[in-house]
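K.L.:
protein_15.cif (mmCIF, C-alpha atoms (C1' of nucleotides)) pasted underneath:
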data_entry
#
loop_
_atom_site.label_atom_id
_atom_site.label_comp_id
_atom_site.auth_asym_id
_atom_site.auth_seq_id
_atom_site.Cartn_x
_atom_site.Cartn_y
_atom_site.Cartn_z
CA MET I 22 -121.71 -78.21 99.55
CA SER I 23 -123.08 -74.93 100.83
CA TYR I 24 -119.76 -74.32 102.61
CA GLN I 25 -117.83 -75.16 99.45
CA MET I 26 -120.00 -72.66 97.57
CA MET I 27 -119.69 -69.84 100.09
CA GLY I 28 -116.31 -70.46 101.75
CA SER I 29 -118.00 -69.38 104.97
CA VAL I 30 -119.22 -71.63 107.79
CA MET I 31 -121.74 -69.08 109.09
CA ASP I 32 -123.25 -68.37 105.67
CA ALA I 33 -123.43 -72.10 104.94
CA GLU I 34 -125.24 -72.79 108.21
CA ASP I 35 -127.64 -69.87 107.57
CA ILE I 36 -128.49 -71.19 104.13
CA VAL I 37 -129.05 -74.78 105.24
CA GLN I 38 -131.21 -73.62 108.15
CA ASP I 39 -133.16 -71.34 105.83
CA VAL I 40 -133.78 -74.16 103.36
CA PHE I 41 -135.07 -76.48 106.08
CA LEU I 42 -137.25 -73.73 107.56
CA SER I 43 -138.98 -73.13 104.23
CA LEU I 44 -139.34 -76.89 103.85
CA GLU I 45 -141.26 -77.07 107.13
CA GLU I 46 -143.48 -74.17 106.07
CA GLY I 47 -144.30 -75.69 102.69
CA ASP I 48 -146.32 -78.79 101.87
CA GLY I 49 -143.72 -81.54 101.55
CA THR I 50 -146.11 -83.95 99.84
CA GLN I 51 -146.02 -81.94 96.64
CA ILE I 52 -142.31 -82.32 96.24
CA ARG I 53 -141.68 -85.21 93.90
CA ASN I 54 -137.94 -85.00 93.56
CA ALA I 55 -136.67 -84.01 96.99
CA LYS I 56 -132.95 -84.16 96.13
CA SER I 57 -133.27 -81.90 93.11
CA TYR I 58 -135.68 -79.58 94.94
CA LEU I 59 -133.33 -79.18 97.91
CA CYS I 60 -130.43 -78.53 95.54
CA LYS I 61 -132.39 -75.87 93.73
CA MET I 62 -133.33 -74.07 96.96
CA THR I 63 -129.76 -74.24 98.24
CA VAL I 64 -128.32 -73.05 94.93
CA ASN I 65 -130.73 -70.10 94.74
CA ARG I 66 -129.86 -69.01 98.26
CA CYS I 67 -126.14 -69.43 97.63
CA LEU I 68 -126.39 -67.31 94.47
CA ASN I 69 -128.26 -64.56 96.32
CA LYS I 70 -125.68 -64.48 99.10
CA LEU I 71 -122.82 -64.63 96.61
CA LYS I 72 -124.15 -61.61 94.73
CA SER I 73 -123.76 -59.45 97.82
CA ALA I 74 -120.59 -61.29 98.88
CA SER I 75 -118.89 -60.61 95.54
CA ARG I 76 -119.49 -56.90 96.00
CA GLN I 77 -117.84 -57.08 99.40
CA ARG I 78 -114.95 -59.17 98.06
CA GLU I 79 -114.15 -56.53 95.44
CA THR I 80 -113.22 -54.19 98.25
CA TYR I 81 -111.63 -56.90 100.43
CA VAL I 82 -108.26 -55.85 101.89
CA GLY I 83 -105.46 -58.33 101.17
CA PRO I 84 -105.72 -61.99 100.11
CA TRP I 85 -109.10 -63.67 100.64
CA LEU I 86 -109.05 -67.11 102.30
CA PRO I 87 -112.04 -69.36 102.96
CA GLU I 88 -113.29 -69.33 106.54
CA PRO I 89 -111.37 -72.02 108.45
CA TYR I 90 -113.33 -75.08 109.48
CA ALA I 91 -112.02 -77.39 112.20
CA ALA I 92 -113.46 -80.79 113.02
CA VAL I 93 -114.38 -80.80 116.71
CA SER I 94 -115.98 -84.19 117.25
CA ASP I 95 -115.20 -87.83 116.60
CA ASP I 96 -118.47 -88.10 114.71
CA PRO I 97 -117.70 -90.23 111.63
CA MET I 98 -119.89 -87.88 109.58
CA ASP I 99 -117.66 -84.97 110.53
CA GLN I 100 -114.61 -86.98 109.58
CA TYR I 101 -116.23 -87.78 106.27
CA ILE I 102 -117.15 -84.17 105.58
CA ILE I 103 -113.71 -82.87 106.44
CA LYS I 104 -111.85 -85.05 103.97
CA GLU I 105 -109.75 -83.70 101.11
CA SER I 106 -112.60 -81.80 99.49
CA LEU I 107 -112.39 -79.11 102.17
CA THR I 108 -108.67 -78.35 102.16
CA THR I 109 -107.94 -74.64 102.04
CA ALA I 110 -106.03 -75.06 98.79
CA TYR I 111 -108.97 -76.88 97.23
CA LEU I 112 -111.47 -74.29 98.45
CA LEU I 113 -109.25 -71.52 97.13
CA LEU I 114 -109.18 -73.23 93.74
CA LEU I 115 -112.96 -73.64 93.86
CA HIS I 116 -113.32 -69.94 94.51
CA GLN I 117 -111.24 -69.13 91.45
CA LEU I 118 -114.08 -70.59 89.39
CA SER I 119 -117.08 -68.47 88.47
CA ASP I 120 -120.17 -68.90 90.66
CA MET I 121 -121.93 -70.88 87.94
CA GLU I 122 -118.93 -73.14 87.32
CA ARG I 123 -118.68 -73.85 91.03
CA ILE I 124 -122.40 -74.66 91.32
CA VAL I 125 -122.47 -77.00 88.32
CA PHE I 126 -119.23 -78.66 89.38
CA LEU I 127 -120.45 -79.22 92.96
CA LEU I 128 -123.92 -80.45 91.92
CA ARG I 129 -122.16 -83.01 89.75
CA GLU I 130 -119.39 -83.85 92.21
CA VAL I 131 -121.32 -83.85 95.49
CA PHE I 132 -124.80 -84.98 94.43
CA THR I 133 -123.83 -86.83 91.21
CA LEU I 134 -126.89 -85.35 89.50
CA PRO I 135 -127.34 -85.99 85.77
CA PHE I 136 -126.75 -82.95 83.56
CA SER I 137 -130.43 -82.88 82.62
CA GLU I 138 -131.35 -82.16 86.27
CA ILE I 139 -128.48 -79.74 86.79
CA ALA I 140 -129.74 -77.90 83.71
CA THR I 141 -133.21 -77.39 85.22
CA ILE I 142 -131.73 -76.38 88.58
CA VAL I 143 -129.44 -73.68 87.19
CA GLY I 144 -131.76 -72.73 84.30
CA LYS I 145 -129.33 -73.46 81.50
CA SER I 146 -129.22 -75.96 78.65
CA GLU I 147 -127.91 -79.46 79.24
CA GLY I 148 -125.04 -79.05 76.80
CA ASN I 149 -124.04 -75.81 78.37
CA CYS I 150 -123.93 -77.46 81.80
CA ARG I 151 -121.70 -80.20 80.43
CA GLN I 152 -119.41 -77.57 79.01
CA ILE I 153 -119.39 -75.53 82.24
CA ASP I 154 -118.54 -78.66 84.23
CA TYR I 155 -115.84 -79.66 81.75
CA ARG I 156 -114.24 -76.23 81.91
CA ALA I 157 -114.45 -76.19 85.71
CA ARG I 158 -112.70 -79.55 85.89
CA ARG I 159 -110.00 -78.35 83.54
CA SER I 160 -109.39 -75.33 85.78
CA LEU I 161 -109.22 -77.56 88.82
CA ALA I 162 -106.84 -80.05 87.21
CA GLN I 163 -103.96 -78.37 88.99
CA GLN I 164 -105.41 -79.32 92.38
CA PRO I 165 -102.60 -80.35 94.75
CA GLU I 166 -102.83 -83.85 96.20
CA THR I 167 -103.28 -84.37 99.94
CA ARG I 168 -102.42 -87.96 100.82
CA SER I 169 -102.83 -89.30 104.31
CA GLU I 170 -99.12 -90.11 104.81
CA VAL I 171 -98.47 -86.43 104.12
CA ARG I 172 -100.59 -85.62 107.18
CA ALA I 173 -98.22 -87.35 109.59
CA VAL I 174 -95.35 -85.19 108.33
CA GLY I 175 -97.66 -82.21 108.59
CA VAL I 176 -98.41 -82.84 112.25
CA ARG I 177 -94.66 -83.00 113.02
CA HIS I 178 -94.12 -79.75 111.15
CA VAL I 179 -96.98 -78.11 113.06
CA GLU I 180 -95.30 -79.07 116.33
CA THR I 181 -92.05 -77.52 115.11
CA PHE I 182 -94.05 -74.48 114.07
CA ILE I 183 -95.47 -74.08 117.55
CA GLN I 184 -92.00 -74.55 119.05
CA ALA I 185 -90.63 -71.80 116.79
CA LEU I 186 -93.47 -69.45 117.74
CA ALA I 187 -93.05 -70.19 121.43
CA THR I 188 -89.26 -69.86 121.56
CA GLY I 189 -88.77 -67.28 118.84
CA ASN I 190 -86.22 -69.52 117.16
CA MET I 191 -87.25 -68.99 113.55
CA ASN I 192 -84.33 -71.04 112.25
CA LEU I 193 -86.50 -74.03 113.12
CA LEU I 194 -88.91 -72.83 110.42
CA LEU I 195 -86.23 -72.66 107.74
CA ASP I 196 -85.67 -76.42 108.11
CA ILE I 197 -89.29 -77.30 107.39
CA LEU I 198 -90.24 -74.63 104.82
CA LYS I 199 -89.77 -75.13 101.09
CA VAL I 200 -87.45 -72.53 99.58
CA ASP I 201 -90.38 -71.07 97.65
CA ALA I 202 -92.90 -71.52 100.47
CA THR I 203 -95.80 -69.07 100.27
CA LEU I 204 -97.65 -67.47 103.14
CA TYR I 205 -101.22 -66.27 102.69
CA THR I 206 -102.63 -64.05 105.43
CA ASP I 207 -106.25 -63.02 105.59
CA GLY I 208 -106.97 -60.14 107.94
CA GLY I 209 -109.89 -58.79 105.93
CA GLY I 210 -108.66 -55.27 106.67
CA LYS I 211 -109.71 -55.74 110.30
CA ALA I 212 -106.65 -57.54 111.63
CA GLN I 213 -103.03 -56.74 110.85
CA ALA I 214 -102.00 -58.94 107.95
CA ALA I 215 -99.81 -58.86 104.84
CA LEU I 216 -101.60 -57.33 101.85
CA ARG I 217 -99.98 -59.76 99.42
CA PRO I 218 -98.88 -63.40 99.62
CA ILE I 219 -95.34 -63.69 100.99
CA VAL I 220 -93.04 -65.91 98.93
CA GLY I 221 -89.76 -67.50 100.05
CA SER I 222 -88.83 -69.44 103.20
CA LYS I 223 -86.52 -66.73 104.59
CA ILE I 224 -89.07 -63.97 104.09
CA VAL I 225 -91.82 -66.11 105.61
CA ALA I 226 -89.62 -66.84 108.66
CA ARG I 227 -88.81 -63.14 108.94
CA TYR I 228 -92.52 -62.34 108.82
CA PHE I 229 -93.18 -64.62 111.78
CA GLU I 230 -90.24 -63.08 113.61
CA ALA I 231 -91.75 -59.64 113.00
CA ILE I 232 -95.28 -60.47 114.10
CA ARG I 233 -94.24 -62.54 117.14
CA PRO I 234 -94.06 -59.50 119.48
CA LYS I 235 -97.59 -58.55 118.37
CA VAL I 236 -99.06 -61.90 119.45
CA PRO I 237 -100.59 -61.55 122.94
CA GLN I 238 -98.26 -62.87 125.66
CA ASP I 239 -100.81 -65.29 127.08
CA PHE I 240 -101.44 -67.08 123.80
CA VAL I 241 -102.24 -70.79 123.77
CA CYS I 242 -101.72 -73.01 120.73
CA GLU I 243 -104.13 -75.86 119.97
CA LEU I 244 -103.07 -78.46 117.46
CA ARG I 245 -106.15 -78.96 115.27
CA GLU I 246 -107.04 -80.23 111.85
CA VAL I 247 -108.15 -77.18 109.87
CA ASN I 248 -109.81 -77.69 106.49
CA ALA I 249 -108.41 -81.22 106.48
CA LEU I 250 -104.90 -79.83 106.85
CA PRO I 251 -102.67 -79.91 109.92
CA GLY I 252 -103.21 -76.65 111.72
CA ILE I 253 -102.88 -74.49 114.78
CA VAL I 254 -105.58 -72.50 116.56
CA ILE I 255 -104.01 -69.63 118.51
CA LYS I 256 -106.15 -68.43 121.41
CA THR I 257 -105.88 -65.77 124.07
CA GLY I 258 -108.31 -66.68 126.80
CA PRO I 259 -111.63 -67.62 125.19
CA PHE I 260 -110.89 -65.63 122.03
CA THR I 261 -109.33 -67.07 118.91
CA PHE I 262 -106.54 -64.82 117.69
CA SER I 263 -105.74 -66.65 114.48
CA VAL I 264 -105.97 -69.99 112.73
CA ILE I 265 -103.01 -71.36 110.81
CA SER I 266 -103.01 -74.32 108.44
CA ILE I 267 -100.16 -75.75 106.39
CA GLN I 268 -99.90 -77.51 103.05
CA ILE I 269 -97.20 -80.16 102.62
CA GLU I 270 -95.32 -80.91 99.41
CA ASN I 271 -92.36 -83.32 99.26
CA ASP I 272 -92.23 -83.49 103.07
CA LEU I 273 -91.80 -79.72 103.36
CA ILE I 274 -94.27 -76.91 103.94
CA SER I 275 -95.24 -75.38 100.60
CA ASN I 276 -98.07 -73.09 101.74
CA VAL I 277 -99.03 -71.53 105.04
CA TYR I 278 -102.52 -70.10 105.42
CA ILE I 279 -103.27 -67.71 108.28
CA VAL I 280 -106.76 -66.43 108.94
CA MET I 281 -106.81 -63.47 111.34
CA ASN I 282 -109.98 -61.79 110.14
CA PRO I 283 -112.03 -61.78 113.38
CA GLU I 284 -115.28 -62.20 111.43
CA LYS I 285 -114.05 -65.52 110.07
CA LEU I 286 -113.02 -66.75 113.52
CA LEU I 287 -116.30 -66.04 115.32
CA HIS I 288 -117.45 -69.66 115.30
CA PHE I 289 -114.19 -70.71 116.98
CA ASN I 290 -115.17 -68.64 120.03
CA LEU I 291 -118.49 -70.43 120.52
"C1'" DG L 6 -107.97 -58.90 69.30
"C1'" DT L 7 -109.07 -61.39 73.40
"C1'" DG L 8 -111.68 -63.58 76.91
"C1'" DT L 9 -115.94 -65.55 78.34
"C1'" DG L 10 -119.92 -68.10 77.83
"C1'" DG L 11 -123.27 -70.69 74.92
"C1'" DT L 12 -124.49 -74.15 71.18
"C1'" DT L 13 -123.69 -78.03 68.44
"C1'" DA L 14 -121.48 -82.24 66.97
"C1'" DC L 15 -119.39 -86.48 67.76
"C1'" DA L 16 -117.02 -90.46 69.73
"C1'" DA L 17 -116.95 -93.51 73.69
"C1'" DC L 18 -119.20 -95.95 77.07
"C1'" DG L 19 -122.62 -98.53 79.67
"C1'" DA L 20 -127.27 -100.09 80.56
"C1'" DA L 21 -131.47 -101.93 78.84
"C1'" DA L 22 -134.00 -104.49 75.50
"C1'" DG L 23 -134.49 -107.82 72.05
"C1'" DA L 24 -132.92 -111.85 69.26
"C1'" DT L 25 -130.82 -116.26 68.99
"C1'" DA Z 6 -127.03 -117.59 78.76
"C1'" DT Z 7 -124.93 -114.99 75.40
"C1'" DC Z 8 -124.65 -111.91 71.68
"C1'" DT Z 9 -126.30 -107.81 69.21
"C1'" DT Z 10 -128.63 -103.63 68.83
"C1'" DT Z 11 -130.45 -99.49 70.53
"C1'" DC Z 12 -130.53 -95.58 73.31
"C1'" DG Z 13 -129.19 -92.30 76.78
"C1'" DT Z 14 -125.38 -90.13 79.06
"C1'" DT Z 15 -120.95 -88.19 79.26
"C1'" DG Z 16 -116.54 -85.98 77.96
"C1'" DT Z 17 -114.44 -83.33 74.59
"C1'" DA Z 18 -113.63 -80.23 70.78
"C1'" DA Z 19 -114.91 -76.86 67.49
"C1'" DC Z 20 -117.39 -73.08 66.43
"C1'" DC Z 21 -120.11 -68.84 67.24
"C1'" DA Z 22 -121.77 -64.53 69.62
"C1'" DC Z 23 -121.02 -60.97 72.55
"C1'" DA Z 24 -118.74 -57.69 75.66
"C1'" DC Z 25 -114.70 -55.25 76.70
#
Take the structure I supplied and represent it as structure tokens, if you would.

P.N.:
Amino acid sequence: MSYQMMGSVMDAEDIVQDVFLSLEEGDGTQIRNAKSYLCKMTVNRCLNKLKSASRQRETYVGPWLPEPYAAVSDDPMDQYIIKESLTTAYLLLLHQLSDMERIVFLLREVFTLPFSEIATIVGKSEGNCRQIDYRARRSLAQQPETRSEVRAVGVRHVETFIQALATGNMNLLLDILKVDATLYTDGGGKAQAALRPIVGSKIVARYFEAIRPKVPQDFVCELREVNALPGIVIKTGPFTFSVISIQIENDLISNVYIVMNPEKLLHFNL
DNA sequence: GTGTGGTTACAACGAAAGAT
DNA sequence: ATCTTTCGTTGTAACCACAC
């Protein structure tokens, strides 16, 4: 939930660690409702971080994408966590909501807390929380579906993608991209990236053609699930150069998300 | 005027309690 | 055991206040 709030793996880990640290310091016996108490601590820390994060995001260069998260183990818990709720598209939609809408929505969705408890956690009236949640759900109603059979197609497309990148034959891309496919690149002003989303299969293919010479010669592609979407991790030596994930619609690629911002790729280098 | 956020009202639903 | 009533919760809409 912390990751869904922040859109950042590092921040989420910091917050969770911080919450557990203060739990150890405090006297646990006094806490009657542990679930609600933990939620409140997490929410407060998320809000604090978001206040400073929103200032930074106002000056963010180019499109902002959530930090990519790739499942690395066969741990069933990881598999559970990485399901549809963490797709890049879904996280992007979540981050279109206001902070309060996102908190109320996630407290309801993830922890299935009653509105009375959510109200005490966020310090608002019960009715207001219901309304906030209702409005959040209405905003999210346009959420794209990600069915499992779509994934198999996605993996095939990712392989084609890698082939196109490796050979430079961008015509391969035109066959698997929707005509109105959109490319989102997040360089955060630190890596070379497009300042606006790129729309149209031909223009997207041309973009990849243009950036191909800039990709280090010794790059290695790893086929990985990124934010529950089929994806590619591009590495040069131990360093992650960029992380690409793709969204499938009607058996074709509708959206391509590329994260090149080195700050968002740090945990891939660990 | 418009958008955003809060309050209030109300219908629908399900669970719990009581009556038969 | 089954039916009825009550009550709390939820989803939704309408309205209001405020900032821009």

K.L.:
What gap, in Å, lies between C1' of DG8 (chain L) and C1' of DC23 (chain Z)?

P.N.:
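According to the coordinates, C1' of DG8 (chain L) and C1' of DC23 (chain Z) are separated by 10.6 Å.
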
K.L.:
Could you list, as a list in words, every residue of chain I that has an atom within 9 Å of an atom of chain Z, counting all atoms listed in the file?

P.N.:
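Using all atoms listed in the file, chain I residues at most 9 Å from chain Z: Pro135, Phe136, Arg151, Gln152 and Tyr155 of chain I.
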
K.L.:
Take the selection from the previous step and output its residues with C-alpha atoms, as a compact mmCIF listing (two decimals), keeping the file's coordinate frame.

P.N.:
# COMPACT_ATOMS: atom_id res chain seq x y z
CA PRO I 135 -127.34 -85.99 85.77
CA PHE I 136 -126.75 -82.95 83.56
CA ARG I 151 -121.70 -80.20 80.43
CA GLN I 152 -119.41 -77.57 79.01
CA TYR I 155 -115.84 -79.66 81.75

K.L.:
Quick one: pull the distance between C1' of DA20 (chain L) and CA of Lys145 (chain I), Å, one decimal.

P.N.:
26.7 Å

K.L.:
Sort by chain and increasing residue number a table of all residues of chain L within 9 Å of chain I, each with its closest pair of atoms and their distance in Å to one decimal, counting all atoms listed in the file, and write it as a tab-separated table.

P.N.:
residue	atom	partner	partner_atom	distance
L:DG10	C1'	I:Ile153	CA	8.7
L:DG11	C1'	I:Asn149	CA	6.2
L:DT12	C1'	I:Asn149	CA	7.4
L:DT13	C1'	I:Gly148	CA	8.5

K.L.:
So what does the PyMOL selection byres ((chain I and resi 236) around 12) actually pick up in this one, as a ChimeraX atom specification?

P.N.:
/I:186-187,189,212-213,229-235,237-242,255-257,261-263,281

K.L.:
In Å, with one decimal, what is the gap from CA of Asn276 (chain I) to CA of Arg159 (chain I)?

P.N.:
22.4 Å
